[in-house]
Amino acid sequence: MALDETLRRRAELLRKEIEEHNYRYYVLDSPTISDYEYDMLLKELERLEKGHPGLATPDSPTQRVGGAPVSEFAEVSHRIPMTSLDNTYNPDELREFHARVIKAVGEVEYVVEPKIDGLGVSLVYENGVLLCGATRGDGRTGEDVTSNLRTIRSIPLRLRGGKEQIGEIEVRGEVYLPIGKFKSVNEERGKNGEPVFANPRNAAAGSIRQLNPKIAASRGLDIFTYTLADLRGDFPKTHYESLELMKELGFRINPLIRKCSGMDEVLSRCRELEEMRDSLDYEIDGAVIKVDSFELQKKLGLTSKHPRWAVAYKFAARNRTTKLLDIEIQVGRTGKITPVAILEPVNIGGVTVSRATLHNAEEVERKDVRIGDTVMVERSGDVIPQVVRPLPEMRSGNEPHFVMPGACPECGKPLSKPVGEVDTRCTNNSCPARILWRLKHFASRDSLDIEGLGPQTIIQLLDKGLIEDIADIFELKRQDLLKLEGFKEKSAGNLISSIEKSRNAELARLLNGLGIREVGRFTAQLLSSRYKTLEALSSATEEELAGIAGIGPKTAASIATYFASDENVALLKKLSDLGVSARKGTCGGRLAGRKFLFTGSLESISRGDAEKLVTSQGGIVASGVSKDVDYVVAGSDPGSKYEKAKELGIEIIGESEFFGLAGPVPNGSKKQTQKTLF
Ligand code: IVH
């Protein structure tokens, strides 16, 4: 066989295999190979296609990373119009819908689905390969966003299950941005001074309409498909069967979809879905009720706007208008100033909202919200409520603009906003708001983990003048605690003993607890493995610190500045005089008790050896991403675990940072440079 043919076959095999793993991971949520193995397959295919451009195909998984930007989207007319649904807002309206159905066609079975709050799209396949993906647009004409839709890994680029012969089909579904991704996208945008998205739907729509597919790819969109719109060949008899067929073809179908007979079953399923609303990682704004039989659907037909065989049952809206009473300034632990909207309390989907973040001064200006305005407030899932926009038509004309104060409202010291930065800060170390944050952070789980010393107790201790700084915690007596509300002999005794326990804390915890800017859990751990004691660290120069793998120049400067301050030196001395000493790690090695997860390929060590290194140092190797993982070590081309870790807020570190924590690679376990086979 000619070499070209061998390569072509290999590429074809790789494509099939990779898409199979994509499907298992993104659609079935049950991968059968490690990220590393997956990455190796993808890398091999990339190499092949790069070396032999003739081998590349449009349905290759390498096409999912996002191609070249476009200047505008082409128009696509939908062969079958994309109609929308009629809405009902209460059980009575739903019963009326049912009565109309029964009158027209008699008793029916229904399918009840969550109504995903995203963006409707259509996907057309020809010869089993994704040909065109389009937005709904006005229902007749949409936009060709194929290059962006391709980046969604749960969209099959080629139909599965040997069903390519099905040929030309059109399916429809809802593209959405998972809530975790929405949060991280907004966090990033806030940091960069870009406008934040009001809700996941806007974020999804904004991402799908990105002219640069690489940006769309980076957002982490997903899809649920719910309509088989067209199919050459035998059409299933019911909607439920069509969902099963779509599943076989490789589409992602929402797992909460149920068949229901009778309105009572439908209503109880709608209630169940509404109860689940806050626990899902995507937004739903209602349920969709569809007549199951296609024959009966056809009989029922369409009105000019909506099908008569389906209806949406809308849940309580997640946005309401209310009055913006004031804009308060909140001072964070590091002094960051956040304008906070103080709202006339309003119940949004069962939660009373009276405050909403306005992120930063630029955001207030951009939205042009003024004190006294009527504003639209939105709450999605467990995300902090957002002020979406003001309603300028409701203004009296006397609404003042917000002006960022020149001085900190808590301590009166001047605020600073360095040129080129988005955030305004209070730089006064003794600002009472910052002191409160510092104390909370010091006692928190990731720092000294002082059980029983929660925010309410700290506030009381500050109010009564019993503590002023973190060191004062170690001077507290049982009698002091008995002066606080809610403290009895037993609870006071318990708190004193947990304070005692933390007197001899791990160095990493103490370092994290000090609240040095740029020093979080990871850097604290890194520093504690490098320096035996706090004294040793405090005398390290900025250059020396910057030379440590995993410590950037900004962090090095911040650490050096911290230890150069007389105030901090005095605080550390006070701590040490009170017997607070840092313990080096815990028994059993430098990674004792820490859980690591690897994703992507490591340069200088094999995955197996890296895992051995973790366990030899008393650490644990995790098999999947979960909240109790301490660090995700990301090599090159990290897999989807990386995204998942980001979503969960797990510390993600690189290879050099990993070695900083784990210590040097033992002899003999360096990765061999791969030999070329042919
Ligand atoms: S069925 C004629 N099912 O809600 C049937 N739509 O106005 C139309 N949607 O445009 C769609 N989840 O974008 C259907 N499970 C679901 C849905 C759903 C969300 C969207 C869709 C549609 C809008 C209804």
# chains A, B, ... in the order shown; residues from 1 in each chain; ligands from 1

call {"tool": "residues_around", "arguments": {"residues": "region 597-602 of chain A", "least_positions_apart": "6", "cutoff": "8 Å", "atoms": "only C-alpha atoms", "output": "NGL selection string"}}
result
:A and (35-36 or 39 or 621-625 or 629 or 631-639 or 641-642 or 655)

call {"tool": "residues_near_ligand", "arguments": {"ligand": "ligand 1", "cutoff": "7 Å", "atoms": "only C-alpha atoms and all ligand atoms", "output": "PDB file with N, CA and C atoms, in the first residue's frame"}}
result
ATOM      1  N   MET A  82     -38.297  28.271  11.603  1.00  0.00           N
ATOM      2  CA  MET A  82     -38.105  27.959  13.029  1.00  0.00           C
ATOM      3  C   MET A  82     -39.129  28.761  13.823  1.00  0.00           C
ATOM      4  N   THR A  83     -40.259  28.140  14.083  1.00  0.00           N
ATOM      5  CA  THR A  83     -41.308  28.866  14.819  1.00  0.00           C
ATOM      6  C   THR A  83     -40.963  28.932  16.297  1.00  0.00           C
ATOM      7  N   SER A  84     -41.633  29.834  16.998  1.00  0.00           N
ATOM      8  CA  SER A  84     -41.423  29.870  18.450  1.00  0.00           C
ATOM      9  C   SER A  84     -42.658  29.303  19.128  1.00  0.00           C
ATOM     10  N   LEU A  85     -42.624  29.244  20.449  1.00  0.00           N
ATOM     11  CA  LEU A  85     -43.703  28.599  21.194  1.00  0.00           C
ATOM     12  C   LEU A  85     -44.626  29.623  21.833  1.00  0.00           C
ATOM     13  N   ASP A  86     -45.866  29.223  21.993  1.00  0.00           N
ATOM     14  CA  ASP A  86     -46.798  30.043  22.747  1.00  0.00           C
ATOM     15  C   ASP A  86     -46.462  29.836  24.235  1.00  0.00           C
ATOM     16  N   GLU A 113     -40.177  18.732  28.620  1.00  0.00           N
ATOM     17  CA  GLU A 113     -38.731  18.995  28.557  1.00  0.00           C
ATOM     18  C   GLU A 113     -38.398  20.284  29.290  1.00  0.00           C
ATOM     19  N   PRO A 114     -37.193  20.402  29.807  1.00  0.00           N
ATOM     20  CA  PRO A 114     -36.813  21.704  30.355  1.00  0.00           C
ATOM     21  C   PRO A 114     -36.676  22.708  29.212  1.00  0.00           C
ATOM     22  N   LYS A 115     -37.083  23.933  29.447  1.00  0.00           N
ATOM     23  CA  LYS A 115     -36.912  24.959  28.414  1.00  0.00           C
ATOM     24  C   LYS A 115     -35.572  25.640  28.694  1.00  0.00           C
ATOM     25  N   ILE A 116     -34.608  25.338  27.857  1.00  0.00           N
ATOM     26  CA  ILE A 116     -33.249  25.840  28.066  1.00  0.00           C
ATOM     27  C   ILE A 116     -33.201  27.312  27.667  1.00  0.00           C
ATOM     28  N   ASP A 117     -32.633  28.130  28.544  1.00  0.00           N
ATOM     29  CA  ASP A 117     -32.601  29.562  28.253  1.00  0.00           C
ATOM     30  C   ASP A 117     -31.299  29.901  27.532  1.00  0.00           C
ATOM     31  N   GLY A 118     -31.314  29.662  26.249  1.00  0.00           N
ATOM     32  CA  GLY A 118     -30.103  29.928  25.464  1.00  0.00           C
ATOM     33  C   GLY A 118     -30.479  30.503  24.122  1.00  0.00           C
ATOM     34  N   LEU A 119     -29.888  29.925  23.108  1.00  0.00           N
ATOM     35  CA  LEU A 119     -30.031  30.460  21.766  1.00  0.00           C
ATOM     36  C   LEU A 119     -30.395  29.305  20.832  1.00  0.00           C
ATOM     37  N   GLY A 120     -31.553  29.418  20.156  1.00  0.00           N
ATOM     38  CA  GLY A 120     -31.975  28.339  19.274  1.00  0.00           C
ATOM     39  C   GLY A 120     -31.107  28.288  18.024  1.00  0.00           C
ATOM     40  N   GLY A 173     -31.684  22.768  18.298  1.00  0.00           N
ATOM     41  CA  GLY A 173     -31.409  22.689  19.725  1.00  0.00           C
ATOM     42  C   GLY A 173     -31.071  24.047  20.289  1.00  0.00           C
ATOM     43  N   GLU A 174     -30.691  24.035  21.544  1.00  0.00           N
ATOM     44  CA  GLU A 174     -30.415  25.283  22.242  1.00  0.00           C
ATOM     45  C   GLU A 174     -28.949  25.313  22.662  1.00  0.00           C
ATOM     46  N   TYR A 226     -33.179  19.190  20.662  1.00  0.00           N
ATOM     47  CA  TYR A 226     -34.531  18.787  21.045  1.00  0.00           C
ATOM     48  C   TYR A 226     -35.512  18.646  19.885  1.00  0.00           C
ATOM     49  N   THR A 227     -35.080  18.916  18.655  1.00  0.00           N
ATOM     50  CA  THR A 227     -36.014  18.761  17.534  1.00  0.00           C
ATOM     51  C   THR A 227     -35.340  18.062  16.362  1.00  0.00           C
ATOM     52  N   VAL A 288     -41.166  22.805  28.380  1.00  0.00           N
ATOM     53  CA  VAL A 288     -41.851  22.761  27.088  1.00  0.00           C
ATOM     54  C   VAL A 288     -42.667  21.473  27.060  1.00  0.00           C
ATOM     55  N   HIS A 306     -47.378  29.969  16.039  1.00  0.00           N
ATOM     56  CA  HIS A 306     -46.925  28.874  16.906  1.00  0.00           C
ATOM     57  C   HIS A 306     -47.526  27.540  16.500  1.00  0.00           C
ATOM     58  N   PRO A 307     -46.849  26.457  16.878  1.00  0.00           N
ATOM     59  CA  PRO A 307     -47.501  25.157  16.687  1.00  0.00           C
ATOM     60  C   PRO A 307     -48.647  25.015  17.706  1.00  0.00           C
ATOM     61  N   ALA A 310     -47.640  22.210  20.836  1.00  0.00           N
ATOM     62  CA  ALA A 310     -46.644  22.425  21.894  1.00  0.00           C
ATOM     63  C   ALA A 310     -46.888  23.757  22.563  1.00  0.00           C
ATOM     64  N   ALA A 312     -45.073  26.450  25.877  1.00  0.00           N
ATOM     65  CA  ALA A 312     -44.069  26.630  26.940  1.00  0.00           C
ATOM     66  C   ALA A 312     -44.795  26.980  28.228  1.00  0.00           C
TER      67      ALA A 312
END

call {"tool": "residues_around", "arguments": {"residues": "region 55-70 of chain A", "least_positions_apart": "6", "cutoff": "8 Å", "atoms": "only C-alpha atoms", "output": "number ranges by chain"}}
result
A: 8, 11, 15, 18-19, 42, 45-46, 48-49, 129-130, 147-148, 150-153, 157-158, 211-217

call {"tool": "residues_around", "arguments": {"residues": "Thr321 (chain A)", "least_positions_apart": "2", "cutoff": "12 Å", "atoms": "only C-alpha atoms", "output": "NGL selection string"}}
result
:A and (317-319 or 323-324 or 343-348 or 353-354 or 373-379 or 386-391 or 394)

call {"tool": "select_by_dssp", "arguments": {"residues": "region 411-659 of chain A", "states": "strand (DSSP E or B)", "output": "VMD selection string"}}
result
chain A and resid 414 to 416 425 to 426 504 to 506 581 to 583 586 589 595 to 599 601 605 620 to 621 631 to 634 636 651 to 653

call {"tool": "select_by_dssp", "arguments": {"residues": "region 269-400 of chain A", "states": "alpha helix (DSSP H)", "output": "list in words"}}
result
Arg269, Cys270, Arg271, Glu272, Leu273, Glu274, Glu275, Met276, Phe294, Glu295, Leu296, Gln297, Lys298, Lys299, Leu300, Ala361, Glu362, Glu363, Val364, Glu365, Arg366 and Lys367 of chain A

call {"tool": "residues_around", "arguments": {"residues": "Asn87 (chain A)", "least_positions_apart": "6", "cutoff": "7 Å", "atoms": "only C-alpha atoms", "output": "list of chain:residue names"}}
result
A:Val311, A:Ala312, A:Tyr313, A:Lys314

call {"tool": "residues_around", "arguments": {"residues": "region 270-283 of chain A", "least_positions_apart": "3", "cutoff": "6 Å", "atoms": "only C-alpha atoms", "output": "PyMOL selection string"}}
result
chain A and resi 117+178-179+267+381

call {"tool": "decode", "arguments": {"residues": "region 155-188 of chain A", "atoms": "N, CA, C and O atoms", "output": "PDB file, in the first residue's frame"}}
result
ATOM      1  N   ILE A 155     -21.450  18.705  19.723  1.00  0.00           N
ATOM      2  CA  ILE A 155     -22.109  18.657  18.412  1.00  0.00           C
ATOM      3  C   ILE A 155     -21.331  17.677  17.544  1.00  0.00           C
ATOM      4  O   ILE A 155     -20.139  17.882  17.310  1.00  0.00           O
ATOM      5  N   PRO A 156     -21.977  16.585  17.084  1.00  0.00           N
ATOM      6  CA  PRO A 156     -21.208  15.654  16.251  1.00  0.00           C
ATOM      7  C   PRO A 156     -20.865  16.310  14.907  1.00  0.00           C
ATOM      8  O   PRO A 156     -21.721  16.952  14.300  1.00  0.00           O
ATOM      9  N   LEU A 157     -19.615  16.166  14.496  1.00  0.00           N
ATOM     10  CA  LEU A 157     -19.231  16.691  13.187  1.00  0.00           C
ATOM     11  C   LEU A 157     -19.638  15.679  12.119  1.00  0.00           C
ATOM     12  O   LEU A 157     -19.793  16.007  10.961  1.00  0.00           O
ATOM     13  N   ARG A 158     -19.764  14.438  12.564  1.00  0.00           N
ATOM     14  CA  ARG A 158     -20.211  13.363  11.673  1.00  0.00           C
ATOM     15  C   ARG A 158     -21.186  12.514  12.484  1.00  0.00           C
ATOM     16  O   ARG A 158     -20.945  12.276  13.675  1.00  0.00           O
ATOM     17  N   LEU A 159     -22.276  12.091  11.848  1.00  0.00           N
ATOM     18  CA  LEU A 159     -23.273  11.303  12.577  1.00  0.00           C
ATOM     19  C   LEU A 159     -22.683   9.972  13.007  1.00  0.00           C
ATOM     20  O   LEU A 159     -21.835   9.407  12.324  1.00  0.00           O
ATOM     21  N   ARG A 160     -23.164   9.483  14.133  1.00  0.00           N
ATOM     22  CA  ARG A 160     -22.604   8.256  14.700  1.00  0.00           C
ATOM     23  C   ARG A 160     -23.437   7.017  14.359  1.00  0.00           C
ATOM     24  O   ARG A 160     -24.462   7.117  13.723  1.00  0.00           O
ATOM     25  N   GLY A 161     -22.980   5.939  14.911  1.00  0.00           N
ATOM     26  CA  GLY A 161     -23.757   4.700  14.903  1.00  0.00           C
ATOM     27  C   GLY A 161     -23.941   4.102  13.531  1.00  0.00           C
ATOM     28  O   GLY A 161     -24.951   3.451  13.271  1.00  0.00           O
ATOM     29  N   GLY A 162     -22.979   4.351  12.639  1.00  0.00           N
ATOM     30  CA  GLY A 162     -23.089   3.788  11.291  1.00  0.00           C
ATOM     31  C   GLY A 162     -24.318   4.310  10.569  1.00  0.00           C
ATOM     32  O   GLY A 162     -24.890   3.638   9.720  1.00  0.00           O
ATOM     33  N   LYS A 163     -24.783   5.507  10.977  1.00  0.00           N
ATOM     34  CA  LYS A 163     -26.036   6.022  10.401  1.00  0.00           C
ATOM     35  C   LYS A 163     -25.786   7.077   9.333  1.00  0.00           C
ATOM     36  O   LYS A 163     -26.651   7.883   9.043  1.00  0.00           O
ATOM     37  N   GLU A 164     -24.545   7.089   8.824  1.00  0.00           N
ATOM     38  CA  GLU A 164     -24.241   8.101   7.819  1.00  0.00           C
ATOM     39  C   GLU A 164     -25.222   8.028   6.658  1.00  0.00           C
ATOM     40  O   GLU A 164     -25.512   9.012   6.010  1.00  0.00           O
ATOM     41  N   GLN A 165     -25.755   6.796   6.442  1.00  0.00           N
ATOM     42  CA  GLN A 165     -26.652   6.642   5.295  1.00  0.00           C
ATOM     43  C   GLN A 165     -27.947   7.426   5.468  1.00  0.00           C
ATOM     44  O   GLN A 165     -28.681   7.645   4.516  1.00  0.00           O
ATOM     45  N   ILE A 166     -28.222   7.815   6.705  1.00  0.00           N
ATOM     46  CA  ILE A 166     -29.405   8.637   6.954  1.00  0.00           C
ATOM     47  C   ILE A 166     -29.287   9.915   6.143  1.00  0.00           C
ATOM     48  O   ILE A 166     -30.258  10.517   5.725  1.00  0.00           O
ATOM     49  N   GLY A 167     -28.014  10.265   5.879  1.00  0.00           N
ATOM     50  CA  GLY A 167     -27.749  11.345   4.936  1.00  0.00           C
ATOM     51  C   GLY A 167     -28.149  12.695   5.445  1.00  0.00           C
ATOM     52  O   GLY A 167     -27.616  13.174   6.435  1.00  0.00           O
ATOM     53  N   GLU A 168     -29.134  13.253   4.761  1.00  0.00           N
ATOM     54  CA  GLU A 168     -29.444  14.646   5.026  1.00  0.00           C
ATOM     55  C   GLU A 168     -30.434  14.766   6.186  1.00  0.00           C
ATOM     56  O   GLU A 168     -31.564  14.270   6.085  1.00  0.00           O
ATOM     57  N   ILE A 169     -30.012  15.386   7.257  1.00  0.00           N
ATOM     58  CA  ILE A 169     -30.965  15.616   8.337  1.00  0.00           C
ATOM     59  C   ILE A 169     -30.795  17.033   8.861  1.00  0.00           C
ATOM     60  O   ILE A 169     -29.754  17.671   8.671  1.00  0.00           O
ATOM     61  N   GLU A 170     -31.835  17.522   9.516  1.00  0.00           N
ATOM     62  CA  GLU A 170     -31.711  18.804  10.206  1.00  0.00           C
ATOM     63  C   GLU A 170     -32.194  18.605  11.629  1.00  0.00           C
ATOM     64  O   GLU A 170     -33.278  18.067  11.859  1.00  0.00           O
ATOM     65  N   VAL A 171     -31.366  19.005  12.583  1.00  0.00           N
ATOM     66  CA  VAL A 171     -31.793  18.960  13.982  1.00  0.00           C
ATOM     67  C   VAL A 171     -31.712  20.372  14.545  1.00  0.00           C
ATOM     68  O   VAL A 171     -30.989  21.226  14.027  1.00  0.00           O
ATOM     69  N   ARG A 172     -32.481  20.598  15.602  1.00  0.00           N
ATOM     70  CA  ARG A 172     -32.453  21.911  16.240  1.00  0.00           C
ATOM     71  C   ARG A 172     -32.241  21.760  17.728  1.00  0.00           C
ATOM     72  O   ARG A 172     -32.601  20.733  18.310  1.00  0.00           O
ATOM     73  N   GLY A 173     -31.684  22.768  18.298  1.00  0.00           N
ATOM     74  CA  GLY A 173     -31.409  22.689  19.725  1.00  0.00           C
ATOM     75  C   GLY A 173     -31.071  24.047  20.289  1.00  0.00           C
ATOM     76  O   GLY A 173     -31.159  25.069  19.591  1.00  0.00           O
ATOM     77  N   GLU A 174     -30.691  24.035  21.544  1.00  0.00           N
ATOM     78  CA  GLU A 174     -30.415  25.283  22.242  1.00  0.00           C
ATOM     79  C   GLU A 174     -28.949  25.313  22.662  1.00  0.00           C
ATOM     80  O   GLU A 174     -28.483  24.411  23.370  1.00  0.00           O
ATOM     81  N   VAL A 175     -28.237  26.318  22.187  1.00  0.00           N
ATOM     82  CA  VAL A 175     -26.858  26.504  22.626  1.00  0.00           C
ATOM     83  C   VAL A 175     -26.907  27.339  23.900  1.00  0.00           C
ATOM     84  O   VAL A 175     -27.665  28.301  23.991  1.00  0.00           O
ATOM     85  N   TYR A 176     -26.130  26.940  24.890  1.00  0.00           N
ATOM     86  CA  TYR A 176     -26.155  27.684  26.150  1.00  0.00           C
ATOM     87  C   TYR A 176     -24.763  27.738  26.750  1.00  0.00           C
ATOM     88  O   TYR A 176     -23.872  26.965  26.371  1.00  0.00           O
ATOM     89  N   LEU A 177     -24.597  28.645  27.693  1.00  0.00           N
ATOM     90  CA  LEU A 177     -23.329  28.731  28.408  1.00  0.00           C
ATOM     91  C   LEU A 177     -23.579  28.241  29.839  1.00  0.00           C
ATOM     92  O   LEU A 177     -24.409  28.818  30.545  1.00  0.00           O
ATOM     93  N   PRO A 178     -22.899  27.166  30.260  1.00  0.00           N
ATOM     94  CA  PRO A 178     -23.107  26.685  31.628  1.00  0.00           C
ATOM     95  C   PRO A 178     -22.851  27.807  32.645  1.00  0.00           C
ATOM     96  O   PRO A 178     -22.009  28.691  32.397  1.00  0.00           O
ATOM     97  N   ILE A 179     -23.567  27.751  33.767  1.00  0.00           N
ATOM     98  CA  ILE A 179     -23.491  28.853  34.735  1.00  0.00           C
ATOM     99  C   ILE A 179     -22.066  29.081  35.252  1.00  0.00           C
ATOM    100  O   ILE A 179     -21.614  30.214  35.375  1.00  0.00           O
ATOM    101  N   GLY A 180     -21.338  27.974  35.496  1.00  0.00           N
ATOM    102  CA  GLY A 180     -19.962  28.103  35.975  1.00  0.00           C
ATOM    103  C   GLY A 180     -19.103  28.871  34.973  1.00  0.00           C
ATOM    104  O   GLY A 180     -18.283  29.720  35.337  1.00  0.00           O
ATOM    105  N   LYS A 181     -19.298  28.554  33.696  1.00  0.00           N
ATOM    106  CA  LYS A 181     -18.527  29.224  32.640  1.00  0.00           C
ATOM    107  C   LYS A 181     -18.928  30.688  32.564  1.00  0.00           C
ATOM    108  O   LYS A 181     -18.091  31.571  32.368  1.00  0.00           O
ATOM    109  N   PHE A 182     -20.226  30.945  32.702  1.00  0.00           N
ATOM    110  CA  PHE A 182     -20.739  32.317  32.672  1.00  0.00           C
ATOM    111  C   PHE A 182     -20.045  33.148  33.753  1.00  0.00           C
ATOM    112  O   PHE A 182     -19.596  34.270  33.506  1.00  0.00           O
ATOM    113  N   LYS A 183     -19.933  32.553  34.948  1.00  0.00           N
ATOM    114  CA  LYS A 183     -19.291  33.277  36.046  1.00  0.00           C
ATOM    115  C   LYS A 183     -17.851  33.603  35.710  1.00  0.00           C
ATOM    116  O   LYS A 183     -17.391  34.723  35.919  1.00  0.00           O
ATOM    117  N   SER A 184     -17.113  32.595  35.181  1.00  0.00           N
ATOM    118  CA  SER A 184     -15.699  32.864  34.933  1.00  0.00           C
ATOM    119  C   SER A 184     -15.497  33.830  33.770  1.00  0.00           C
ATOM    120  O   SER A 184     -14.585  34.652  33.800  1.00  0.00           O
ATOM    121  N   VAL A 185     -16.374  33.748  32.757  1.00  0.00           N
ATOM    122  CA  VAL A 185     -16.261  34.694  31.640  1.00  0.00           C
ATOM    123  C   VAL A 185     -16.462  36.118  32.172  1.00  0.00           C
ATOM    124  O   VAL A 185     -15.692  37.032  31.878  1.00  0.00           O
ATOM    125  N   ASN A 186     -17.477  36.291  33.011  1.00  0.00           N
ATOM    126  CA  ASN A 186     -17.747  37.628  33.544  1.00  0.00           C
ATOM    127  C   ASN A 186     -16.641  38.131  34.460  1.00  0.00           C
ATOM    128  O   ASN A 186     -16.297  39.305  34.450  1.00  0.00           O
ATOM    129  N   GLU A 187     -16.097  37.216  35.254  1.00  0.00           N
ATOM    130  CA  GLU A 187     -15.020  37.605  36.171  1.00  0.00           C
ATOM    131  C   GLU A 187     -13.847  38.169  35.372  1.00  0.00           C
ATOM    132  O   GLU A 187     -13.306  39.221  35.679  1.00  0.00           O
ATOM    133  N   GLU A 188     -13.515  37.435  34.310  1.00  0.00           N
ATOM    134  CA  GLU A 188     -12.412  37.822  33.451  1.00  0.00           C
ATOM    135  C   GLU A 188     -12.698  39.179  32.794  1.00  0.00           C
ATOM    136  O   GLU A 188     -11.839  40.053  32.734  1.00  0.00           O
TER     137      GLU A 188
END
